[in-house]
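Raw final-v1.cif, mmCIF, C-alpha atoms and all ligand atoms:
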```
data_target
loop_
_atom_site.group_PDB
_atom_site.id
_atom_site.type_symbol
_atom_site.label_atom_id
_atom_site.label_comp_id
_atom_site.auth_asym_id
_atom_site.auth_seq_id
_atom_site.Cartn_x
_atom_site.Cartn_y
_atom_site.Cartn_z
ATOM 1 C CA MET H 24 82.414 92.047 116.535
ATOM 2 C CA ILE H 25 84.460 92.924 119.631
ATOM 3 C CA PRO H 26 83.390 90.690 122.560
ATOM 4 C CA ASN H 27 82.590 92.638 125.753
ATOM 5 C CA GLU H 28 84.690 90.127 127.680
ATOM 6 C CA LEU H 29 87.768 91.158 125.669
ATOM 7 C CA VAL H 30 87.127 94.853 126.368
ATOM 8 C CA GLU H 31 86.786 94.075 130.093
ATOM 9 C CA THR H 32 89.992 92.004 130.024
ATOM 10 C CA LEU H 33 91.888 94.833 128.348
ATOM 11 C CA ALA H 34 90.476 97.410 130.783
ATOM 12 C CA ASN H 35 91.964 95.373 133.649
ATOM 13 C CA ALA H 36 95.229 94.458 131.913
ATOM 14 C CA ARG H 37 98.515 95.551 133.450
ATOM 15 C CA ARG H 38 100.666 94.786 130.401
ATOM 16 C CA VAL H 39 99.722 94.146 126.766
ATOM 17 C CA THR H 40 102.177 92.688 124.238
ATOM 18 C CA VAL H 41 101.466 92.780 120.492
ATOM 19 C CA LEU H 42 103.158 90.841 117.673
ATOM 20 C CA THR H 43 102.430 92.089 114.165
ATOM 21 C CA GLY H 44 103.135 90.610 110.755
ATOM 22 C CA ALA H 45 102.811 91.626 107.126
ATOM 23 C CA GLY H 46 99.000 91.590 107.288
ATOM 24 C CA VAL H 47 99.034 94.818 109.334
ATOM 25 C CA SER H 48 100.684 96.614 106.398
ATOM 26 C CA ALA H 49 98.450 94.997 103.755
ATOM 27 C CA GLU H 50 95.863 97.815 103.933
ATOM 28 C CA SER H 51 98.640 100.313 103.320
ATOM 29 C CA GLY H 52 99.262 98.600 99.985
ATOM 30 C CA VAL H 53 102.344 96.616 101.008
ATOM 31 C CA PRO H 54 102.001 93.051 99.659
ATOM 32 C CA THR H 55 102.172 90.438 102.402
ATOM 33 C CA PHE H 56 105.194 88.206 102.505
ATOM 34 C CA ARG H 57 103.500 85.139 101.129
ATOM 35 C CA GLU H 58 101.048 86.503 98.641
ATOM 36 C CA ALA H 59 102.215 86.075 95.075
ATOM 37 C CA GLN H 60 104.750 88.652 94.000
ATOM 38 C CA THR H 61 103.896 90.739 90.982
ATOM 39 C CA GLY H 62 105.570 92.040 87.857
ATOM 40 C CA LEU H 63 109.331 91.779 87.649
ATOM 41 C CA TRP H 64 109.477 89.771 90.891
ATOM 42 C CA ALA H 65 106.613 87.367 90.078
ATOM 43 C CA ARG H 66 109.007 84.538 89.264
ATOM 44 C CA TYR H 67 110.966 84.830 92.501
ATOM 45 C CA ASP H 68 109.987 83.286 95.846
ATOM 46 C CA PRO H 69 110.652 85.659 98.790
ATOM 47 C CA LEU H 70 111.630 82.655 100.900
ATOM 48 C CA GLN H 71 114.460 82.070 98.431
ATOM 49 C CA LEU H 72 115.450 85.710 97.924
ATOM 50 C CA ALA H 73 115.519 86.660 101.639
ATOM 51 C CA THR H 74 118.570 84.475 102.348
ATOM 52 C CA PRO H 75 122.359 84.955 102.656
ATOM 53 C CA GLU H 76 122.781 82.307 99.960
ATOM 54 C CA ALA H 77 120.744 84.328 97.446
ATOM 55 C CA PHE H 78 122.748 87.453 98.274
ATOM 56 C CA ASP H 79 126.089 85.627 97.974
ATOM 57 C CA ALA H 80 124.999 84.107 94.656
ATOM 58 C CA ASN H 81 123.628 87.313 93.162
ATOM 59 C CA PRO H 82 124.017 90.410 95.363
ATOM 60 C CA GLU H 83 122.855 92.756 92.585
ATOM 61 C CA LEU H 84 119.550 90.849 92.144
ATOM 62 C CA VAL H 85 118.840 90.781 95.880
ATOM 63 C CA TRP H 86 119.829 94.447 96.238
ATOM 64 C CA ASP H 87 117.422 95.331 93.377
ATOM 65 C CA TRP H 88 114.598 93.456 95.129
ATOM 66 C CA TYR H 89 115.149 95.417 98.323
ATOM 67 C CA GLN H 90 115.411 98.714 96.386
ATOM 68 C CA PHE H 91 112.062 97.833 94.746
ATOM 69 C CA ARG H 92 110.526 97.189 98.188
ATOM 70 C CA ARG H 93 112.033 100.392 99.673
ATOM 71 C CA GLU H 94 110.542 102.426 96.831
ATOM 72 C CA LEU H 95 107.156 100.773 97.329
ATOM 73 C CA VAL H 96 107.148 101.413 101.094
ATOM 74 C CA ARG H 97 108.314 105.039 100.675
ATOM 75 C CA ASN H 98 105.179 105.640 98.603
ATOM 76 C CA VAL H 99 102.613 104.263 101.049
ATOM 77 C CA GLU H 100 101.223 105.515 104.353
ATOM 78 C CA PRO H 101 100.443 103.831 107.654
ATOM 79 C CA ASN H 102 96.831 102.655 107.813
ATOM 80 C CA PRO H 103 94.159 102.891 110.580
ATOM 81 C CA GLY H 104 95.456 99.632 112.071
ATOM 82 C CA HIS H 105 98.901 101.168 112.652
ATOM 83 C CA TYR H 106 97.374 104.300 114.203
ATOM 84 C CA ALA H 107 95.031 102.271 116.435
ATOM 85 C CA LEU H 108 98.064 100.493 117.934
ATOM 86 C CA VAL H 109 99.557 103.896 118.788
ATOM 87 C CA GLU H 110 96.315 104.705 120.635
ATOM 88 C CA LEU H 111 96.149 101.295 122.331
ATOM 89 C CA ALA H 112 99.588 101.909 123.846
ATOM 90 C CA ASN H 113 98.125 105.005 125.561
ATOM 91 C CA LEU H 114 95.135 103.107 126.949
ATOM 92 C CA VAL H 115 96.988 100.425 128.929
ATOM 93 C CA PRO H 116 99.555 100.766 131.740
ATOM 94 C CA ALA H 117 102.359 98.894 129.936
ATOM 95 C CA PHE H 118 102.558 98.089 126.222
ATOM 96 C CA THR H 119 105.161 96.375 124.018
ATOM 97 C CA LEU H 120 104.972 96.213 120.222
ATOM 98 C CA VAL H 121 107.029 93.521 118.489
ATOM 99 C CA THR H 122 106.907 93.529 114.692
ATOM 100 C CA GLN H 123 108.134 91.056 112.104
ATOM 101 C CA ASN H 124 107.679 93.768 109.508
ATOM 102 C CA VAL H 125 110.709 95.567 108.150
ATOM 103 C CA ASP H 126 108.744 98.436 106.553
ATOM 104 C CA GLY H 127 109.018 100.914 109.452
ATOM 105 C CA LEU H 128 105.302 101.805 109.185
ATOM 106 C CA HIS H 129 104.622 101.398 112.932
ATOM 107 C CA ALA H 130 107.244 104.050 113.733
ATOM 108 C CA ARG H 131 105.924 106.314 110.956
ATOM 109 C CA ALA H 132 102.459 106.030 112.531
ATOM 110 C CA GLY H 133 103.908 107.165 115.872
ATOM 111 C CA SER H 134 104.555 103.909 117.748
ATOM 112 C CA ARG H 135 107.564 104.259 120.049
ATOM 113 C CA ASP H 136 110.192 101.692 121.042
ATOM 114 C CA VAL H 137 109.060 99.259 118.360
ATOM 115 C CA ILE H 138 110.950 95.969 118.588
ATOM 116 C CA GLU H 139 111.946 95.221 114.972
ATOM 117 C CA PHE H 140 112.332 91.456 115.273
ATOM 118 C CA HIS H 141 113.447 91.025 111.647
ATOM 119 C CA GLY H 142 115.348 94.295 111.264
ATOM 120 C CA ASN H 143 114.606 97.292 109.087
ATOM 121 C CA LEU H 144 114.352 97.601 105.311
ATOM 122 C CA PHE H 145 116.012 101.025 105.235
ATOM 123 C CA GLU H 146 119.144 100.153 107.173
ATOM 124 C CA ASN H 147 122.323 99.234 105.274
ATOM 125 C CA ARG H 148 125.055 97.044 106.717
ATOM 126 C CA CYS H 149 128.475 95.953 105.482
ATOM 127 C CA ALA H 150 127.987 92.330 104.360
ATOM 128 C CA ALA H 151 131.455 91.446 105.690
ATOM 129 C CA GLU H 152 131.673 93.399 108.954
ATOM 130 C CA GLY H 153 127.969 93.600 109.839
ATOM 131 C CA THR H 154 128.345 97.253 110.814
ATOM 132 C CA VAL H 155 125.645 99.768 109.950
ATOM 133 C CA VAL H 156 126.717 102.069 107.092
ATOM 134 C CA GLU H 157 124.854 105.384 106.803
ATOM 135 C CA GLY H 158 124.036 107.367 103.700
ATOM 136 C CA ARG H 159 125.059 104.977 100.960
ATOM 137 C CA GLU H 160 121.559 104.588 99.489
ATOM 138 C CA SER H 161 121.884 103.903 95.775
ATOM 139 C CA LYS H 162 120.164 102.087 92.933
ATOM 140 C CA GLN H 163 123.339 100.151 92.179
ATOM 141 C CA LEU H 164 124.757 97.740 94.739
ATOM 142 C CA PRO H 165 126.903 99.963 97.011
ATOM 143 C CA HIS H 166 130.072 98.887 98.799
ATOM 144 C CA CYS H 167 131.437 99.432 102.273
ATOM 145 C CA PRO H 168 133.630 102.561 102.441
ATOM 146 C CA GLY H 169 135.793 100.759 104.981
ATOM 147 C CA CYS H 170 136.489 97.334 103.499
ATOM 148 C CA GLY H 171 134.924 97.428 100.030
ATOM 149 C CA ALA H 172 132.541 94.497 100.651
ATOM 150 C CA PRO H 173 129.000 94.843 99.258
ATOM 151 C CA LEU H 174 126.378 96.471 101.480
ATOM 152 C CA ARG H 175 123.231 94.536 102.367
ATOM 153 C CA PRO H 176 119.874 95.589 103.817
ATOM 154 C CA GLY H 177 119.710 95.517 107.640
ATOM 155 C CA VAL H 178 117.065 92.791 107.701
ATOM 156 C CA VAL H 179 117.227 89.281 109.221
ATOM 157 C CA TRP H 180 117.344 86.677 106.458
ATOM 158 C CA PHE H 181 116.187 83.059 106.761
ATOM 159 C CA GLY H 182 118.911 81.095 108.504
ATOM 160 C CA GLU H 183 120.164 84.210 110.345
ATOM 161 C CA SER H 184 119.719 84.791 114.050
ATOM 162 C CA ILE H 185 117.385 87.420 115.456
ATOM 163 C CA PRO H 186 119.330 90.427 116.860
ATOM 164 C CA ALA H 187 120.038 89.561 120.516
ATOM 165 C CA ALA H 188 118.477 92.705 122.041
ATOM 166 C CA ALA H 189 115.284 92.394 119.982
ATOM 167 C CA SER H 190 115.002 88.719 120.832
ATOM 168 C CA GLU H 191 115.544 89.230 124.562
ATOM 169 C CA GLN H 192 113.084 92.145 124.774
ATOM 170 C CA ALA H 193 110.423 90.345 122.730
ATOM 171 C CA PHE H 194 110.590 87.090 124.704
ATOM 172 C CA ALA H 195 110.590 89.000 127.995
ATOM 173 C CA ALA H 196 107.490 90.987 126.954
ATOM 174 C CA ALA H 197 105.691 87.838 125.773
ATOM 175 C CA GLY H 198 106.515 86.069 129.044
ATOM 176 C CA ASP H 199 105.248 88.929 131.219
ATOM 177 C CA CYS H 200 101.946 90.116 129.797
ATOM 178 C CA ASP H 201 98.257 89.749 130.631
ATOM 179 C CA VAL H 202 97.106 89.960 127.019
ATOM 180 C CA PHE H 203 99.063 88.887 123.908
ATOM 181 C CA PHE H 204 97.855 89.924 120.453
ATOM 182 C CA SER H 205 98.985 88.153 117.285
ATOM 183 C CA ILE H 206 97.942 90.443 114.433
ATOM 184 C CA GLY H 207 98.334 89.955 110.681
ATOM 185 C CA THR H 208 100.766 87.063 110.770
ATOM 186 C CA SER H 209 100.519 83.566 109.360
ATOM 187 C CA SER H 210 102.422 82.353 112.454
ATOM 188 C CA LEU H 211 104.736 80.285 110.244
ATOM 189 C CA VAL H 212 108.095 81.992 110.779
ATOM 190 C CA TYR H 213 110.092 81.052 113.879
ATOM 191 C CA PRO H 214 111.223 82.068 116.386
ATOM 192 C CA ALA H 215 108.664 84.939 116.088
ATOM 193 C CA ALA H 216 105.798 82.446 115.916
ATOM 194 C CA GLY H 217 107.033 80.940 119.187
ATOM 195 C CA LEU H 218 106.235 84.108 121.161
ATOM 196 C CA VAL H 219 102.556 83.203 121.469
ATOM 197 C CA GLU H 220 103.493 79.933 123.199
ATOM 198 C CA ILE H 221 105.633 81.825 125.716
ATOM 199 C CA ALA H 222 102.681 84.121 126.414
ATOM 200 C CA ARG H 223 100.296 81.180 126.782
ATOM 201 C CA GLU H 224 102.631 79.448 129.245
ATOM 202 C CA ALA H 225 102.801 82.700 131.226
ATOM 203 C CA GLY H 226 99.007 82.690 131.502
ATOM 204 C CA ALA H 227 98.269 85.549 129.103
ATOM 205 C CA VAL H 228 94.915 85.900 127.346
ATOM 206 C CA LEU H 229 95.624 85.200 123.636
ATOM 207 C CA VAL H 230 93.965 87.228 120.878
ATOM 208 C CA GLU H 231 94.425 86.846 117.121
ATOM 209 C CA ILE H 232 93.308 89.368 114.502
ATOM 210 C CA ASN H 233 93.441 87.899 111.003
ATOM 211 C CA PRO H 234 90.901 87.344 108.193
ATOM 212 C CA GLU H 235 92.097 83.702 108.123
ATOM 213 C CA PRO H 236 92.618 81.235 110.977
ATOM 214 C CA THR H 237 96.273 80.272 111.515
ATOM 215 C CA ASP H 238 98.187 77.465 113.231
ATOM 216 C CA ILE H 239 97.696 79.065 116.666
ATOM 217 C CA ALA H 240 93.876 78.927 116.458
ATOM 218 C CA ALA H 241 93.594 76.105 119.022
ATOM 219 C CA SER H 242 95.324 78.076 121.785
ATOM 220 C CA LEU H 243 93.404 81.341 121.358
ATOM 221 C CA ASP H 244 90.989 82.914 123.824
ATOM 222 C CA PHE H 245 89.701 85.334 121.171
ATOM 223 C CA ALA H 246 89.911 84.970 117.367
ATOM 224 C CA LEU H 247 88.764 88.186 115.692
ATOM 225 C CA ALA H 248 88.246 87.307 112.033
ATOM 226 C CA GLY H 249 88.786 90.361 109.906
ATOM 227 C CA LYS H 250 91.176 93.068 108.788
ATOM 228 C CA SER H 251 93.365 94.781 111.361
ATOM 229 C CA GLY H 252 92.662 98.184 109.778
ATOM 230 C CA GLN H 253 88.994 97.696 110.643
ATOM 231 C CA ILE H 254 89.065 95.685 113.881
ATOM 232 C CA LEU H 255 91.782 97.603 115.754
ATOM 233 C CA PRO H 256 90.107 101.054 115.503
ATOM 234 C CA ASP H 257 86.844 99.446 116.687
ATOM 235 C CA LEU H 258 88.624 97.733 119.588
ATOM 236 C CA VAL H 259 90.402 100.929 120.665
ATOM 237 C CA LYS H 260 87.156 102.919 120.511
ATOM 238 C CA ARG H 261 85.367 100.330 122.677
ATOM 239 C CA LEU H 262 88.219 100.376 125.199
ATOM 240 C CA GLY H 263 88.344 104.178 125.239
ATOM 241 C CA ASP H 264 84.556 104.381 125.788
ATOM 242 C CA HIS H 265 84.838 101.803 128.562
ATOM 243 C CA ARG H 266 87.407 103.932 130.312
ATOM 244 C CA THR H 267 85.275 107.088 130.329
HETATM 245 C C1 LIG H 301 116.409 81.802 113.054
HETATM 246 C C2 LIG H 301 112.997 89.861 106.863
HETATM 247 C C3 LIG H 301 118.115 80.755 114.282
HETATM 248 C C4 LIG H 301 113.499 89.714 105.462
HETATM 249 C C5 LIG H 301 111.922 87.738 107.436
HETATM 250 C C6 LIG H 301 112.309 76.759 114.322
HETATM 251 C C7 LIG H 301 113.091 77.530 115.180
HETATM 252 C C8 LIG H 301 113.998 78.444 114.660
HETATM 253 C C9 LIG H 301 114.112 78.623 113.278
HETATM 254 C C10 LIG H 301 113.331 77.879 112.441
HETATM 255 C C11 LIG H 301 112.437 76.953 112.950
HETATM 256 N N1 LIG H 301 111.819 76.368 111.898
HETATM 257 C C12 LIG H 301 112.279 76.902 110.744
HETATM 258 C C13 LIG H 301 113.213 77.813 111.035
HETATM 259 C C14 LIG H 301 113.951 78.582 110.058
HETATM 260 C C15 LIG H 301 113.242 79.870 109.656
HETATM 261 C C16 LIG H 301 111.757 79.730 109.494
HETATM 262 O O1 LIG H 301 110.990 80.043 110.402
HETATM 263 N N2 LIG H 301 111.327 79.280 108.314
HETATM 264 C C17 LIG H 301 109.903 79.188 108.054
HETATM 265 C C18 LIG H 301 109.650 79.540 106.590
HETATM 266 C C19 LIG H 301 109.458 77.786 108.407
HETATM 267 N N3 LIG H 301 113.526 80.913 110.615
HETATM 268 C C20 LIG H 301 114.664 81.619 110.500
HETATM 269 O O2 LIG H 301 115.522 81.366 109.667
HETATM 270 C C21 LIG H 301 114.860 82.763 111.479
HETATM 271 N N4 LIG H 301 116.158 82.683 112.083
HETATM 272 O O3 LIG H 301 115.619 80.999 113.397
HETATM 273 O O4 LIG H 301 117.696 81.900 113.592
HETATM 274 C C22 LIG H 301 118.836 79.950 113.244
HETATM 275 C C23 LIG H 301 120.093 80.361 112.894
HETATM 276 C C24 LIG H 301 120.804 79.592 111.959
HETATM 277 C C25 LIG H 301 120.224 78.456 111.372
HETATM 278 C C26 LIG H 301 118.903 78.077 111.714
HETATM 279 C C27 LIG H 301 118.208 78.841 112.660
HETATM 280 C C28 LIG H 301 114.830 84.103 110.764
HETATM 281 C C29 LIG H 301 113.488 84.347 110.162
HETATM 282 C C30 LIG H 301 113.441 85.800 109.646
HETATM 283 C C31 LIG H 301 113.251 85.805 108.154
HETATM 284 N N5 LIG H 301 113.070 87.192 107.691
HETATM 285 N N6 LIG H 301 111.815 89.020 107.047
HETATM 286 C C32 LIG H 301 112.582 90.348 104.468
HETATM 287 O O5 LIG H 301 111.490 90.833 104.838
HETATM 288 O O6 LIG H 301 112.966 90.380 103.282
HETATM 289 S S1 LIG H 301 110.527 86.835 107.689
HETATM 290 C C33 LIG H 301 109.236 87.399 106.745
HETATM 291 O O7 LIG H 301 108.157 86.535 107.117
HETATM 292 C C34 LIG H 301 108.721 88.795 107.051
HETATM 293 O O8 LIG H 301 109.412 89.474 108.084
HETATM 294 C C35 LIG H 301 107.306 88.522 107.541
HETATM 295 O O9 LIG H 301 106.836 89.427 108.445
HETATM 296 C C36 LIG H 301 107.528 87.205 108.169
HETATM 297 C C37 LIG H 301 106.372 86.394 108.630
HETATM 298 O O10 LIG H 301 105.422 86.424 107.639
HETATM 299 P P1 LIG H 301 104.047 87.169 108.028
HETATM 300 O O11 LIG H 301 104.373 88.502 108.587
HETATM 301 O O12 LIG H 301 103.257 86.257 108.868
HETATM 302 O O13 LIG H 301 103.424 87.396 106.611
HETATM 303 P P2 LIG H 301 102.603 86.341 105.759
HETATM 304 O O14 LIG H 301 102.505 86.896 104.389
HETATM 305 O O15 LIG H 301 103.146 84.975 105.978
HETATM 306 O O16 LIG H 301 101.152 86.348 106.445
HETATM 307 C C38 LIG H 301 100.367 87.504 106.395
HETATM 308 C C39 LIG H 301 99.170 87.223 107.269
HETATM 309 O O17 LIG H 301 98.375 88.403 107.323
HETATM 310 C C40 LIG H 301 98.274 86.111 106.740
HETATM 311 O O18 LIG H 301 97.930 85.239 107.802
HETATM 312 C C41 LIG H 301 97.037 86.863 106.242
HETATM 313 O O19 LIG H 301 95.850 86.099 106.431
HETATM 314 C C42 LIG H 301 97.027 88.056 107.144
HETATM 315 N N7 LIG H 301 96.396 89.259 106.596
HETATM 316 C C43 LIG H 301 96.283 89.648 105.305
HETATM 317 N N8 LIG H 301 95.644 90.844 105.235
HETATM 318 C C44 LIG H 301 95.361 91.206 106.516
HETATM 319 C C45 LIG H 301 95.832 90.211 107.384
HETATM 320 N N9 LIG H 301 95.703 90.281 108.723
HETATM 321 C C46 LIG H 301 95.082 91.357 109.218
HETATM 322 N N10 LIG H 301 94.599 92.371 108.457
HETATM 323 C C47 LIG H 301 94.725 92.322 107.112
HETATM 324 N N11 LIG H 301 94.230 93.330 106.351
#
```
Since I need it in another form, could you write the structure as structure tokens?
Amino acid sequence: MIPNELVETLANARRVTVLTGAGVSAESGVPTFREAQTGLWARYDPLQLATPEAFDANPELVWDWYQFRRELVRNVEPNPGHYALVELANLVPAFTLVTQNVDGLHARAGSRDVIEFHGNLFENRCAAEGTVVEGRESKQLPHCPGCGAPLRPGVVWFGESIPAAASEQAFAAAGDCDVFFSIGTSSLVYPAAGLVEIAREAGAVLVEINPEPTDIAASLDFALAGKSGQILPDLVKRLGDHRT
């Protein structure tokens, strides 16, 4: 399943950059962003709910959706795919992990310096001032102690810009790597989906890990069809064996 050529390439790589999406958390039991929502949320489209307009129109509804997702994520664990990425970082000279996921599971698995391209589910910000507000977790929509505006989750909604530092670091890492992995993402959301193009233009070897082919299939050097929780541990074992 893991081509020898890819193991060789990784063994000689100076810098590896990884972009992950919701598929990496799927085996932890976190529904991916585009699969149908269930239960109470079945009738809502995440693409509609994850927007400033939805929050302005109905902050309580959007807050409830994020509370539901926080509760779900609190009750799951990182999976072997998350842990394999922690190991991969120790097997190459330089490693950067960029995630579109807001669930914090990479950090819980032990990954360090994770670039959270779309923010973090568990952070709260004042919807008016944008400042982070600590310790106001509550079932009901909380309000800013400073100005009284509603609080909102510290995630990047559709139509909002990526945090400048995360964007700069992610584009720099994509533009200066020997191998770029796109793992568990449908490659539909920009500008995250544009990182692979930056890596390709910089001459990186492009690898995708996904049970389904995505829009970037034509530019790939390696397309590993399967689940990240199965392929990544296999890949890391092969690389570790190659090193010994
Ligand atoms: C912005 C946080 C500038 C919230 C999310 C071109 C350039 C710039 C912008 C745009 C553009 N074209 C369109 C836009 C606008 C928009 C966009 O991209 N829309 C899409 C729908 C076309 N982009 C934006 O608005 C971005 N901002 O560009 O700022 C700007 C400013 C003002 C005005 C205009 C532009 C902000 C986007 C951020 C949105 N926030 N999340 C929240 O989570 O609630 S994005 C959301 O989608 C999640 O973060 C998620 O991670 C992300 C991407 O989805 P995926 O991770 O790929 O998940 P998905 O379910 O789609 O796919 C899962 C994949 O896993 C599948 O392929 C599946 O096969 C695979 N899989 C399943 N199981 C496994 C697996 N793989 C491996 N193993 C498994 N076991």
_I'd like to see the residues matched by the PyMOL selection byres (((chain H and resi 192) around 12) and not hetatm) on this file, and ideally I'd get them as a list in words._
Thr40, Thr119, Leu120, Val121, Thr122, Asp136, Val137, Ile138, Glu139, Phe140, Ile185, Pro186, Ala187, Ala188, Ala189, Ser190, Glu191, Ala193, Phe194, Ala195, Ala196, Ala197, Gly198, Asp199 and Leu218 of chain H
Keeping only C-alpha atoms, write those residues as a tab-separated table (two decimals), keeping the file's coordinate frame.
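Writing the result to result.tsv gives the following:
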```tsv
chain	number	residue	atom	x	y	z
H	40	THR	CA	102.18	92.69	124.24
H	119	THR	CA	105.16	96.38	124.02
H	120	LEU	CA	104.97	96.21	120.22
H	121	VAL	CA	107.03	93.52	118.49
H	122	THR	CA	106.91	93.53	114.69
H	136	ASP	CA	110.19	101.69	121.04
H	137	VAL	CA	109.06	99.26	118.36
H	138	ILE	CA	110.95	95.97	118.59
H	139	GLU	CA	111.95	95.22	114.97
H	140	PHE	CA	112.33	91.46	115.27
H	185	ILE	CA	117.38	87.42	115.46
H	186	PRO	CA	119.33	90.43	116.86
H	187	ALA	CA	120.04	89.56	120.52
H	188	ALA	CA	118.48	92.70	122.04
H	189	ALA	CA	115.28	92.39	119.98
H	190	SER	CA	115.00	88.72	120.83
H	191	GLU	CA	115.54	89.23	124.56
H	193	ALA	CA	110.42	90.34	122.73
H	194	PHE	CA	110.59	87.09	124.70
H	195	ALA	CA	110.59	89.00	128.00
H	196	ALA	CA	107.49	90.99	126.95
H	197	ALA	CA	105.69	87.84	125.77
H	198	GLY	CA	106.52	86.07	129.04
H	199	ASP	CA	105.25	88.93	131.22
H	218	LEU	CA	106.24	84.11	121.16
```
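Residue nearest Tyr89 of chain H, chosen from H:Leu164, H:Ala222, H:Ile254, H:Ala240 and counting all atoms listed in the file: H:Leu164.
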_As a quick test: using only C-alpha atoms and all ligand atoms, which residues lie no more than 7 Å away from ligand LIG 301 (chain H)? Give them as a ChimeraX atom specification._
/H:43-47,49-50,55-58,69-70,73,123-125,141-142,178-185,206-214,232-235,237,249-252
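Ranking H:Leu243, H:Leu111, H:Ala80, H:Val39 by their shortest atom-to-atom distance to Glu220 of chain H, with all atoms listed in the file included, puts H:Leu243 first.
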*Kindly resolve the PyMOL selection byres (((chain H and resi 170-176) around 10) and not hetatm) on the present coordinates and return the residues as a count of residues only.*
36
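The space separating atom CA of Val202 of chain H from atom CA of Arg131 of chain H comes to 24.6 Å.
The space separating atom CA of Gln163 of chain H from atom CA of Tyr67 of chain H comes to 19.7 Å.
One finds atom CA of Lys260 of chain H at 17.5 Å from atom CA of Ala132 of chain H.
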*Evaluate the PyMOL selection byres (((chain H and resi 263) around 12) and not hetatm) here and jot the selected residues down as an MDAnalysis selection string.*
chainID H and resid 30:31 33:34 107 110:115 256:262 264:267
*Minimum-distance residue to Pro26 of chain H, chosen among H:Phe118, H:Val230, H:Leu72, H:Ala241 (using all atoms listed in the file)*: H:Val230
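Between Ala227 of chain H and the candidates H:Ala77, H:Phe245, H:Gly52, H:Asp201, the tightest atom-to-atom separation, counting all atoms listed in the file, involves H:Asp201.
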Could you complete segment 145-157 of chain H so that it carries N, CA and C atoms, and give it back as an mmCIF file, in the frame of the given file?
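Generated file (out.cif):
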```cif
data_model
loop_
_atom_site.group_PDB
_atom_site.id
_atom_site.type_symbol
_atom_site.label_atom_id
_atom_site.label_comp_id
_atom_site.auth_asym_id
_atom_site.auth_seq_id
_atom_site.Cartn_x
_atom_site.Cartn_y
_atom_site.Cartn_z
ATOM 1 N N PHE H 145 115.293 99.820 105.679
ATOM 2 C CA PHE H 145 116.012 101.025 105.235
ATOM 3 C C PHE H 145 117.415 101.134 105.817
ATOM 4 N N GLU H 146 117.795 100.130 106.600
ATOM 5 C CA GLU H 146 119.144 100.153 107.173
ATOM 6 C C GLU H 146 120.080 99.422 106.221
ATOM 7 N N ASN H 147 121.299 99.939 106.080
ATOM 8 C CA ASN H 147 122.323 99.234 105.274
ATOM 9 C C ASN H 147 123.458 98.775 106.179
ATOM 10 N N ARG H 148 123.940 97.575 105.935
ATOM 11 C CA ARG H 148 125.055 97.044 106.717
ATOM 12 C C ARG H 148 126.139 96.532 105.772
ATOM 13 N N CYS H 149 127.388 96.581 106.256
ATOM 14 C CA CYS H 149 128.475 95.953 105.482
ATOM 15 C C CYS H 149 128.274 94.440 105.541
ATOM 16 N N ALA H 150 128.258 93.786 104.401
ATOM 17 C CA ALA H 150 127.987 92.330 104.360
ATOM 18 C C ALA H 150 129.126 91.542 104.996
ATOM 19 N N ALA H 151 130.304 92.168 105.100
ATOM 20 C CA ALA H 151 131.455 91.446 105.690
ATOM 21 C C ALA H 151 131.587 91.733 107.187
ATOM 22 N N GLU H 152 131.425 93.027 107.550
ATOM 23 C CA GLU H 152 131.673 93.399 108.954
ATOM 24 C C GLU H 152 130.385 93.442 109.781
ATOM 25 N N GLY H 153 129.238 93.555 109.101
ATOM 26 C CA GLY H 153 127.969 93.600 109.839
ATOM 27 C C GLY H 153 127.641 94.971 110.398
ATOM 28 N N THR H 154 128.570 95.916 110.235
ATOM 29 C CA THR H 154 128.345 97.253 110.814
ATOM 30 C C THR H 154 127.360 98.050 109.971
ATOM 31 N N VAL H 155 126.606 98.916 110.664
ATOM 32 C CA VAL H 155 125.645 99.768 109.950
ATOM 33 C C VAL H 155 126.421 100.828 109.180
ATOM 34 N N VAL H 156 126.067 101.048 107.919
ATOM 35 C CA VAL H 156 126.717 102.069 107.092
ATOM 36 C C VAL H 156 125.654 103.079 106.674
ATOM 37 N N GLU H 157 125.844 104.340 107.087
ATOM 38 C CA GLU H 157 124.854 105.384 106.803
ATOM 39 C C GLU H 157 125.062 105.986 105.413
#
```
